[in-house]
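Shown next, in structure tokens, is the structure this report addresses.
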Amino acid sequence: MKYPYSEVEKKWQNYWAQNNIHKTDFTNLDKALYCLVMFIYPSGSKLHCGHWYNYGPTDSWARFKKLQGYNVFEPMGYDAFGLPAENYAIKTGIHPKDSTLKNIEDIREQLKVMGCMYDWDSELMTCAPEYYKWNQWLFLQLYKKGLAYRKNAPVNWCPSCHTVLANEQVQSDGSCERCSATVIHKDMTQWFFKTTHYADELLEGLNKIEWPDKTKLMQENWIGKSFGTEVKFKIKNSDEIIGVFTTRPDTLFGVTYVVLAPELPLVQKLTTHENIEKVSAYIDSIKSLSEIERTSTVKEKTGVPIGAAAINPVNGEEIPIWIADYALATYGTGCVMAVPGHDERDYEFAKKFDLPIRKVILEDGKNLEEELESAFTEIGMMVNSGQFNGLKSDDGIIKISEFLEANDLGFRKVNYRLRDWLISRQRYWGTPIPIVYCESCGEVPIPENELPVKLPYNVDFTPDGGSPLARNEEFVNAACPSCGKEAKRDVDTMDTFVDSSWYYLRFLNPKFSEGMFDTELGNQWTPVNMYVGGAEHATMHLLYARFIHKFLRDIGLVNSDEPFAKLIHQGIITNQGAKMSKSKGNVVNPDKFIDDNGADVFRMYLMFMGPYELGGDWSDKGIVGVDRFVQRAYSICKATENISARVSCKAKYSLDELSEPEKAIYRKVNQTLHKIETEIENFKFNTAVASLMELLNTMYKEFESSSDEMKSYSLERFVSMFAPLAPHLSEECWQIIGKTNTLFGNPVWFETDVISLIEDNVTIAVQVNGKLRAKIDFPIDSNESFVKEKVFQDEKVLSNTQGKAIVKEIYVKNKIYNIVVR
């Protein structure tokens with residue numbers, strides 16, 4: 001009989017829902033386990049294969065832990081604010097709220113068909129006022145602590161999305177990560193969260209979490225901690241002082257020019273009248289370049305002098321001041337001391353513009369008079385450096401730093417690449433910023449008891465380069481909470497990464513009204529034990545969530561340092577080599593495969609495609625093989641219907657009491673149990689599925705010669721192992737073989753008989769003149785004479801040795817028997 005997947009899957013989905021099988025008891029903290037997958041953005045394309053690849057296998061891991069006796073919490077919600085819904089609204093005229101809520105309804109049903117054990121009582125959506133109210137409350141707490149602030153700064157502007165982007169949202173080629181348009185830079189007054197306040201903690205915390213090394217390294221590099229010295233350069237004929245951060249103060253005597261970031265206000269102050277035209281033209285020419293492009297080591301060096309000169313503090317030498325795109329206002333002080341003799345970039349720049357190159361660090365074995373053919377950047381001896389001549393350059397770093405501090409010419413400093421989080425967005429579909437601007441009082445926070453500041457429905461969100469909320473007078477005009485006079489609301493909305501920076505805490509009790517989240521549950525159930533999502537979030541969501549969690553700890557809301565104890569990245573399922581997206585027209589809809597094969601087959605096929613962390617290009621060619629496996633699993637259970645009700649089996653057997661066919665099954669069952677535990681635990685689903693296929697083959701081969709007791713023993717364990725990967729089918733098969741309880745209502749996981757894993761026999765390879773001629777099974781630790789006797793009874797060995805002189809025989813116990821003939 002063919003497996004009736006449609007009927008069976010509906011049956012068990014209804015049973016699980018009606019009996020609250022997936023409802024988590026938050027009071028039971030014994031073996032409590034929080035498993036979370038990054039929640040879904042409810043776009044118009046609904047669920048595609050990539051979503052399935054993220055959610056299905058993660059649910060299989062969660063189900064595996066539940067079968068092992070853990071009290072698992074696995075929620076699902078919707079990251080509902082954001083640009084795609086707004087852009088869709090601009091294109092179609094359908095309001096973002098309406099399209100988002102409709103998409104959530106559709107996606108919810110698709111997720112239920114998937115058969116994941118989500119606790120639907122914990123569902124949330126970030127576009128609901130009862131959720132984003134707490135985004136605003138969080139903003140106010142940061143504001144009180146001085147960690148939310150507003151300033152005018154150069155920002156990344158996407159001319160297509162008509163909004164500001166955080167540095168993390170600009171791709172390496174300078175394009176918008178959402179729409180791929182070229183990002184430009186402009187000065188705007190924006191709101192920031194002070195992530196830099198936690199820079200050291202964000203670095204140190206990486207040692208406390210079990211995350212992929214590559215992701216931790218990306219965050220480490222993004223934070224970019226460096227130790228150095230800030231050197232004070234006076235300006236000729238000016239009271240201005242340039243502060244330059246350097247990690248190489250030992251090269252200070254080799255500075256031959258200074259470079260300023262073109263966007264620094266100081267540039268306009270210092271540029272001479274003769275140079276103003278070319279300086280302005282240069283600044284305009286680099287506005288479209290990203291930070292990655294500007295600092296690229298392979299990009300052609302560009303720059304112009306501004307006509308002013310700086311004074312080198314260690315030797316009083318006048319040196320020209322230039323502007324160049326590789327100096328960034330957002331790194332260090334935005335000023336660079338150029339040492340062409342000992343920095344590759346400075347060397348190339350000096351060569352191009354014919355600037356002096358001075359050797360102040362001498363490479364071992366080189367002569368002082370030899371001309372530098374490239375920058376020497378290693379440790380050497382200090383030369384042409386006044387009183388510091390003869391010092392090793394690494395010692396010189398300390399000595400010159402001490403000299404600068406003693407003479408008030410500089411100070412030692414720690415610098416970071418990390419920038420504060422720019423959270424202002426000039427878009428409609430997001431959380432309103434809870435600030436009003438009053439002519440008398442300035443910027444005034446909304447009182448907490450007046451939250452949420454609700455997002456109005458009637459807004460013209462057609463992009464015009466400004467914030468859509470600015471066109472809704474009813475929203476904009478408000479009374480100042482401080483003095484009662486007329487005021488204007490902030491018309492920007494928050495970056496949607498604010499929504500996802502703390503959602504894992506709200507899941508624990510999404511209807512909680514007395515605070516941002518239920519702190520008792522937050523302390524008991526976080527950090528999240530297993531978090532699964534894309535590696536593309538390494539320096540955005542994953543960094544922001546760590547920052548917010550540390551802040552929440554500091555204001556007494558959580559008792560842990562990190563939000564996610566363990567992190568797994570799934571690979572990406574592509575189609576024709578490209579990531580699936582509606583805009584590319586390459587989305588594969590899973591619904592057809594569910595209709596044709598069932599949810600369990602589709603889930604298992606995705607897991608069987610290859611290593612989970614690698615993903616792969618979509619192909620449905622192999623789904624037939626997985627379907628055949630499922631049909632065979634169902635058939636063997638139907639053929640032994642009620643066997644567990646008729647025959648009881650022991651938890652363990654002695655191998656001596658089993659026949660050879662039973663021994664083969666018993667060993668294979670326990671080998672598979674042992675392997676499955678390791679593979680599913682480590683998200684190696686493809687090898688877990690393969691091992692179950694092998695076990696099923698052994699059962700088909702040996703069942704005819706085995707007792708009903710051994711059939712019952714093996715089927716119970718097979719179905720239990722199968723359950724995380726094919727939950728509907730396994731529940732059905734569990735009942736077919738005669739079990740009255742349900743697998744996930746009364747979880748069962750069997751213990752491995754480790755004694756059975758010890759092999760009685762080994763396979764010995766037989767080689768003749770280095771070529772494999774036979775593989776023969778022997779009892780373990782067989783002596784050489786016994787092995788030799790059996791080897792020379794093998795037909796293939798005889799055909800390759802008869803009539804030839806045997807020169808040598810070598811026996812490696814339990815491994816190989818080698819024969820040399822001539």
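Letters A, B, ... mark the chains of the structure tokens in the order given; residue numbers begin at 1 per chain; ligand numbers begin at 1, in order shown.
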Using only C-alpha atoms, which residues of stretch 695-773 of chain A come within 8 Å of stretch 65-71 of chain A, and what is the closest atom pair for each, with the distance in Å to one decimal? Give it as JSON lines, sorted by chain and residue number.
{"residue": "A:Leu743", "atom": "CA", "partner": "A:Leu67", "partner_atom": "CA", "distance": 7.7}
{"residue": "A:Phe744", "atom": "CA", "partner": "A:Leu67", "partner_atom": "CA", "distance": 7.0}
{"residue": "A:Pro747", "atom": "CA", "partner": "A:Leu67", "partner_atom": "CA", "distance": 4.6}
{"residue": "A:Val748", "atom": "CA", "partner": "A:Leu67", "partner_atom": "CA", "distance": 5.3}
{"residue": "A:Trp749", "atom": "CA", "partner": "A:Gln68", "partner_atom": "CA", "distance": 5.4}
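For stretch 769-772 of chain A, the residues within 10 Å (counting only C-alpha atoms, excluding itself and residues fewer than 2 positions away along the chain) are Ala765, Val766, Gln767, Ala774, Lys775, Lys796, Val797, Asn800, Thr801, Lys808, Ile816, Tyr817, Asn818, Ile819, Val820, Val821 and Arg822 of chain A.
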Margin query: I'd like the neighbourhood of A:Met114 as a ChimeraX atom specification, where a residue qualifies if any of its atoms comes within 9 Å (using only C-alpha atoms), though same-chain residues fewer than 4 positions away should be ignored.
Written below: /A:52,55-56,109-110,594,599-600,603
Select from stretch 350-550 of chain A everything DSSP, run on the backbone, classes as strand (DSSP E or B), then give the selection as an mmCIF file with N, CA and C atoms, in the first residue's frame.
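In the end it all went to selection39.cif:
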data_model
loop_
_atom_site.group_PDB
_atom_site.id
_atom_site.type_symbol
_atom_site.label_atom_id
_atom_site.label_comp_id
_atom_site.auth_asym_id
_atom_site.auth_seq_id
_atom_site.Cartn_x
_atom_site.Cartn_y
_atom_site.Cartn_z
ATOM 1 N N ILE A 361 63.596 53.173 9.193
ATOM 2 C CA ILE A 361 63.740 51.821 9.765
ATOM 3 C C ILE A 361 64.622 51.035 8.803
ATOM 4 N N LEU A 362 65.748 50.553 9.294
ATOM 5 C CA LEU A 362 66.704 49.846 8.439
ATOM 6 C C LEU A 362 66.522 48.347 8.582
ATOM 7 N N MET A 381 65.994 48.372 12.557
ATOM 8 C CA MET A 381 66.679 49.312 13.435
ATOM 9 C C MET A 381 66.328 50.740 13.036
ATOM 10 N N MET A 382 66.067 51.586 14.020
ATOM 11 C CA MET A 382 65.701 52.969 13.751
ATOM 12 C C MET A 382 66.926 53.770 13.288
ATOM 13 N N LYS A 392 65.759 49.144 18.294
ATOM 14 C CA LYS A 392 64.886 48.259 17.525
ATOM 15 C C LYS A 392 63.535 48.963 17.384
ATOM 16 N N GLY A 410 51.467 64.212 22.310
ATOM 17 C CA GLY A 410 50.621 63.084 21.945
ATOM 18 C C GLY A 410 50.327 62.224 23.151
ATOM 19 N N PHE A 411 49.544 61.175 22.954
ATOM 20 C CA PHE A 411 49.188 60.264 24.051
ATOM 21 C C PHE A 411 48.800 58.905 23.479
ATOM 22 N N ARG A 412 49.044 57.868 24.284
ATOM 23 C CA ARG A 412 48.683 56.522 23.853
ATOM 24 C C ARG A 412 47.166 56.351 23.893
ATOM 25 N N LYS A 413 46.667 55.554 22.961
ATOM 26 C CA LYS A 413 45.211 55.479 22.775
ATOM 27 C C LYS A 413 44.824 54.131 22.162
ATOM 28 N N VAL A 414 43.615 53.684 22.493
ATOM 29 C CA VAL A 414 43.036 52.505 21.828
ATOM 30 C C VAL A 414 42.024 53.005 20.812
ATOM 31 N N ASN A 415 42.085 52.490 19.618
ATOM 32 C CA ASN A 415 41.175 52.927 18.558
ATOM 33 C C ASN A 415 40.326 51.756 18.076
ATOM 34 N N TRP A 421 25.856 52.932 15.642
ATOM 35 C CA TRP A 421 24.787 52.388 14.793
ATOM 36 C C TRP A 421 23.830 53.513 14.391
ATOM 37 N N LEU A 422 23.826 53.815 13.120
ATOM 38 C CA LEU A 422 22.919 54.827 12.566
ATOM 39 C C LEU A 422 21.540 54.202 12.400
ATOM 40 N N SER A 424 18.378 56.039 12.026
ATOM 41 C CA SER A 424 17.339 56.836 11.354
ATOM 42 C C SER A 424 17.123 56.334 9.929
ATOM 43 N N ARG A 425 15.857 56.213 9.542
ATOM 44 C CA ARG A 425 15.527 55.815 8.170
ATOM 45 C C ARG A 425 14.431 56.748 7.647
ATOM 46 N N PRO A 432 8.137 54.562 14.537
ATOM 47 C CA PRO A 432 8.383 56.005 14.709
ATOM 48 C C PRO A 432 9.344 56.274 15.873
ATOM 49 N N ILE A 435 10.448 61.128 19.681
ATOM 50 C CA ILE A 435 11.041 62.429 20.008
ATOM 51 C C ILE A 435 10.223 63.531 19.330
ATOM 52 N N VAL A 436 10.019 64.654 20.030
ATOM 53 C CA VAL A 436 9.451 65.837 19.387
ATOM 54 C C VAL A 436 10.476 66.970 19.494
ATOM 55 N N TYR A 437 10.339 67.935 18.582
ATOM 56 C CA TYR A 437 11.249 69.081 18.558
ATOM 57 C C TYR A 437 10.440 70.343 18.856
ATOM 58 N N CYS A 438 10.847 71.013 19.915
ATOM 59 C CA CYS A 438 10.138 72.204 20.397
ATOM 60 C C CYS A 438 11.077 73.403 20.291
ATOM 61 N N GLY A 442 13.825 72.395 22.688
ATOM 62 C CA GLY A 442 14.736 71.573 21.896
ATOM 63 C C GLY A 442 14.162 70.186 21.666
ATOM 64 N N GLU A 443 15.019 69.160 21.647
ATOM 65 C CA GLU A 443 14.523 67.797 21.450
ATOM 66 C C GLU A 443 13.996 67.256 22.774
ATOM 67 N N VAL A 444 12.784 66.719 22.728
ATOM 68 C CA VAL A 444 12.123 66.273 23.952
ATOM 69 C C VAL A 444 11.624 64.840 23.754
ATOM 70 N N PRO A 445 12.014 63.907 24.628
ATOM 71 C CA PRO A 445 11.519 62.531 24.512
ATOM 72 C C PRO A 445 10.050 62.430 24.909
ATOM 73 N N ASN A 477 2.393 67.323 13.793
ATOM 74 C CA ASN A 477 2.100 68.376 14.764
ATOM 75 C C ASN A 477 1.682 67.771 16.102
ATOM 76 N N ALA A 478 2.410 68.134 17.135
ATOM 77 C CA ALA A 478 2.150 67.587 18.467
ATOM 78 C C ALA A 478 2.459 68.653 19.512
ATOM 79 N N ALA A 479 1.962 68.409 20.704
ATOM 80 C CA ALA A 479 2.262 69.317 21.820
ATOM 81 C C ALA A 479 3.556 68.868 22.482
ATOM 82 N N GLU A 486 3.390 74.174 20.815
ATOM 83 C CA GLU A 486 3.411 73.418 19.564
ATOM 84 C C GLU A 486 4.814 72.862 19.308
ATOM 85 N N ALA A 487 4.838 71.642 18.824
ATOM 86 C CA ALA A 487 6.117 70.989 18.524
ATOM 87 C C ALA A 487 5.941 70.115 17.294
ATOM 88 N N LYS A 488 7.037 69.605 16.796
ATOM 89 C CA LYS A 488 7.028 68.733 15.618
ATOM 90 C C LYS A 488 7.629 67.377 15.996
ATOM 91 N N ARG A 489 6.939 66.325 15.560
ATOM 92 C CA ARG A 489 7.481 64.990 15.819
ATOM 93 C C ARG A 489 8.672 64.714 14.889
ATOM 94 N N THR A 493 11.857 56.933 10.781
ATOM 95 C CA THR A 493 11.548 55.690 11.484
ATOM 96 C C THR A 493 12.850 54.960 11.792
ATOM 97 N N MET A 494 12.760 53.984 12.689
ATOM 98 C CA MET A 494 13.967 53.268 13.118
ATOM 99 C C MET A 494 14.355 52.179 12.119
ATOM 100 N N VAL A 528 19.630 32.092 24.261
ATOM 101 C CA VAL A 528 19.079 31.078 23.360
ATOM 102 C C VAL A 528 20.126 29.974 23.194
ATOM 103 N N MET A 530 20.217 27.402 20.909
ATOM 104 C CA MET A 530 20.581 27.154 19.511
ATOM 105 C C MET A 530 19.911 28.190 18.632
ATOM 106 N N TYR A 531 20.730 28.952 17.908
ATOM 107 C CA TYR A 531 20.220 29.996 17.005
ATOM 108 C C TYR A 531 20.693 29.656 15.597
ATOM 109 N N VAL A 532 19.771 29.691 14.648
ATOM 110 C CA VAL A 532 20.095 29.287 13.275
ATOM 111 C C VAL A 532 19.671 30.377 12.298
ATOM 112 N N GLY A 533 20.575 30.761 11.418
ATOM 113 C CA GLY A 533 20.258 31.781 10.420
ATOM 114 C C GLY A 533 21.442 32.058 9.515
#
Note to self: Would you pick out the contacts of stretch 673-681 of chain A at 12 Å or less, using only C-alpha atoms, so that residues sharing its chain but fewer than 6 positions from it are not included, and give the list as a PyMOL selection string?
What the structure shows: chain A and resi 57-65+67-68+530+568+607+611-612+666-667+687-695+714+716-725+749-757
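Shortest separation to A:Ala535 among A:Leu508, A:Ile665, A:Leu567, A:Val587 occurs at residue A:Leu567, atoms counted being only C-alpha atoms.
Surrounding stretch 278-293 of chain A within 8 Å are Val170, Ser172, Asp173, Gly174, Ser175, Thr182, Val183, Ile184, His185, Lys186, Pro262, Glu263, Thr271, Lys299, Gly303, Val304, Pro305, Ile306, Ile323, Asp325 and Leu328 of chain A, with only C-alpha atoms counted and residues fewer than 4 positions along the same chain left out.
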Residues as selected, N, CA and C atoms, written as a JSON list (two decimals), in the first residue's frame, can you do that?
[["chain", "number", "residue", "atom", "x", "y", "z"],
["A", 170, "VAL", "N", 25.90, 48.55, 3.43],
["A", 170, "VAL", "CA", 26.53, 48.88, 2.14],
["A", 170, "VAL", "C", 27.44, 47.72, 1.76],
["A", 172, "SER", "N", 30.28, 45.42, -0.41],
["A", 172, "SER", "CA", 31.70, 45.68, -0.65],
["A", 172, "SER", "C", 31.96, 46.45, -1.94],
["A", 173, "ASP", "N", 31.00, 46.41, -2.88],
["A", 173, "ASP", "CA", 31.18, 47.15, -4.14],
["A", 173, "ASP", "C", 30.56, 48.55, -4.07],
["A", 174, "GLY", "N", 30.13, 48.96, -2.88],
["A", 174, "GLY", "CA", 29.56, 50.29, -2.71],
["A", 174, "GLY", "C", 28.09, 50.39, -3.05],
["A", 175, "SER", "N", 27.42, 49.24, -3.18],
["A", 175, "SER", "CA", 26.00, 49.25, -3.55],
["A", 175, "SER", "C", 25.13, 48.95, -2.34],
["A", 182, "THR", "N", 23.93, 52.20, -6.49],
["A", 182, "THR", "CA", 25.18, 52.78, -5.97],
["A", 182, "THR", "C", 24.87, 53.77, -4.86],
["A", 183, "VAL", "N", 25.50, 53.56, -3.72],
["A", 183, "VAL", "CA", 25.28, 54.40, -2.54],
["A", 183, "VAL", "C", 26.16, 55.65, -2.63],
["A", 184, "ILE", "N", 25.58, 56.80, -2.28],
["A", 184, "ILE", "CA", 26.36, 58.04, -2.27],
["A", 184, "ILE", "C", 26.47, 58.53, -0.83],
["A", 185, "HIS", "N", 27.30, 59.55, -0.61],
["A", 185, "HIS", "CA", 27.48, 60.10, 0.73],
["A", 185, "HIS", "C", 26.95, 61.53, 0.80],
["A", 186, "LYS", "N", 26.28, 61.83, 1.89],
["A", 186, "LYS", "CA", 25.83, 63.20, 2.11],
["A", 186, "LYS", "C", 25.72, 63.46, 3.61],
["A", 262, "PRO", "N", 38.67, 63.96, 3.02],
["A", 262, "PRO", "CA", 38.11, 65.10, 2.28],
["A", 262, "PRO", "C", 36.88, 65.72, 2.93],
["A", 263, "GLU", "N", 36.08, 64.91, 3.68],
["A", 263, "GLU", "CA", 34.84, 65.43, 4.23],
["A", 263, "GLU", "C", 35.01, 66.14, 5.57],
["A", 271, "THR", "N", 42.21, 75.01, 3.60],
["A", 271, "THR", "CA", 42.52, 75.09, 2.17],
["A", 271, "THR", "C", 42.79, 76.54, 1.76],
["A", 299, "LYS", "N", 43.15, 49.88, -5.70],
["A", 299, "LYS", "CA", 42.62, 51.05, -6.41],
["A", 299, "LYS", "C", 43.73, 52.07, -6.66],
["A", 303, "GLY", "N", 44.39, 62.11, -5.03],
["A", 303, "GLY", "CA", 44.42, 63.12, -3.97],
["A", 303, "GLY", "C", 44.88, 64.45, -4.53],
["A", 304, "VAL", "N", 44.71, 65.51, -3.73],
["A", 304, "VAL", "CA", 45.18, 66.84, -4.12],
["A", 304, "VAL", "C", 45.70, 67.55, -2.88],
["A", 305, "PRO", "N", 46.70, 68.43, -3.03],
["A", 305, "PRO", "CA", 47.18, 69.22, -1.89],
["A", 305, "PRO", "C", 46.22, 70.36, -1.59],
["A", 306, "ILE", "N", 46.15, 70.78, -0.32],
["A", 306, "ILE", "CA", 45.23, 71.88, 0.03],
["A", 306, "ILE", "C", 45.98, 73.20, 0.20],
["A", 323, "ILE", "N", 44.57, 66.05, 0.73],
["A", 323, "ILE", "CA", 43.36, 65.24, 0.96],
["A", 323, "ILE", "C", 43.41, 64.07, -0.01],
["A", 325, "ASP", "N", 41.20, 60.08, -0.92],
["A", 325, "ASP", "CA", 39.99, 59.30, -0.61],
["A", 325, "ASP", "C", 40.25, 58.17, 0.38],
["A", 328, "LEU", "N", 39.59, 58.29, 5.90],
["A", 328, "LEU", "CA", 38.16, 58.27, 6.20],
["A", 328, "LEU", "C", 37.86, 59.08, 7.46]]
Residues of stretch 55-93 of chain A that have any atom at most 10 Å from an atom of stretch 501-505 of chain A: could you tabulate them with the shortest-distance atom pair and the distance in Å to one decimal, using only C-alpha atoms, ordered by chain and increasing number, as a tab-separated table?
residue	atom	partner	partner_atom	distance
A:Pro75	CA	A:Tyr504	CA	8.9
A:Met76	CA	A:Tyr504	CA	9.8
A:Gly77	CA	A:Tyr503	CA	8.9
A:Tyr78	CA	A:Tyr503	CA	9.8
A:Asp79	CA	A:Tyr503	CA	9.1
For all heavy atoms, I'd like the residues from the last selection saved as a compact mmCIF listing (two decimals), in the first residue's frame.
# COMPACT_ATOMS: atom_id res chain seq x y z
N PRO A 75 9.72 28.91 18.86
CA PRO A 75 8.69 29.85 18.40
C PRO A 75 8.90 30.30 16.95
O PRO A 75 9.93 30.03 16.34
CB PRO A 75 8.87 31.03 19.35
CG PRO A 75 10.36 31.05 19.58
CD PRO A 75 10.84 29.62 19.49
N MET A 76 7.92 31.01 16.42
CA MET A 76 8.02 31.60 15.08
C MET A 76 7.26 32.92 15.08
O MET A 76 6.21 33.07 15.71
CB MET A 76 7.45 30.66 14.02
CG MET A 76 7.47 31.22 12.60
SD MET A 76 9.06 31.89 12.05
CE MET A 76 10.00 30.42 11.78
N GLY A 77 7.81 33.90 14.38
CA GLY A 77 7.17 35.20 14.24
C GLY A 77 7.57 35.86 12.94
O GLY A 77 8.15 35.20 12.05
N TYR A 78 7.31 37.16 12.83
CA TYR A 78 7.45 37.84 11.54
C TYR A 78 8.16 39.18 11.72
O TYR A 78 7.73 40.04 12.49
CB TYR A 78 6.07 38.04 10.91
CG TYR A 78 5.25 36.77 10.95
CD1 TYR A 78 4.37 36.53 12.00
CD2 TYR A 78 5.43 35.79 9.98
CE1 TYR A 78 3.65 35.34 12.06
CE2 TYR A 78 4.72 34.60 10.04
CZ TYR A 78 3.84 34.37 11.09
OH TYR A 78 3.15 33.18 11.15
N ASP A 79 9.26 39.33 11.01
CA ASP A 79 10.04 40.56 10.99
C ASP A 79 9.35 41.49 10.00
O ASP A 79 9.77 41.65 8.86
CB ASP A 79 11.46 40.21 10.55
CG ASP A 79 12.44 41.34 10.77
OD1 ASP A 79 12.05 42.35 11.38
OD2 ASP A 79 13.60 41.23 10.31
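If you measure from each of A:Glu348, A:Asp492, A:Asp620, A:Glu204 to A:Thr431 using only C-alpha atoms, the closest one turns out to be A:Asp492.
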Margin query: Applying 12 Å and only C-alpha atoms, which residues near stretch 572-576 of chain A remain after dropping the ones on its own chain fewer than 5 positions away? List them as an MDAnalysis selection string.
Written below: chainID A and resid 48:54 533:536 581:582 584:589 606:607 609:620
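Minimum atom-to-atom distance to A:Tyr131, evaluated using only C-alpha atoms, belongs to A:Lys511 out of A:Lys97, A:Arg358, A:Lys11, A:Lys511.
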Note to self: I'd like the neighbourhood of stretch 635-637 of chain A as a VMD selection string, where a residue qualifies if any of its atoms comes within 8 Å (using only C-alpha atoms), though same-chain residues fewer than 5 positions away should be ignored.
What the structure shows: chain A and resid 1 to 3 700 715 733 736 to 737
Next item on the list: Could you give me, as a PyMOL selection string, each residue of stretch 323-515 of chain A that DSSP assigns to helix (DSSP H, G or I) when run on this structure's backbone?
Entry: chain A and resi 344-353+386-388+393-406+448-450+468-471+473-476+499-501+503-506
Check: When distances are computed from only C-alpha atoms, which of A:Asn207, A:Asn746, A:Ser706, A:Ser500 shows the smallest separation from A:Glu660?
Finding: A:Ser706
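Atom pair atom CA of A:Val491 / atom CA of A:Glu86: separated by 15.9 Å.
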Check: Nearest to A:Pro447 among A:Thr640, A:Asn275, A:Gln136, A:Thr672, with distances taken over only C-alpha atoms: which residue is it?
Finding: A:Gln136
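Coordinates place atom CA of A:Thr539 at a distance of 9.2 Å from atom CA of A:Gln169.
Here atom CA of A:Arg773 stands at a distance of 17.1 Å from atom CA of A:Ala805.
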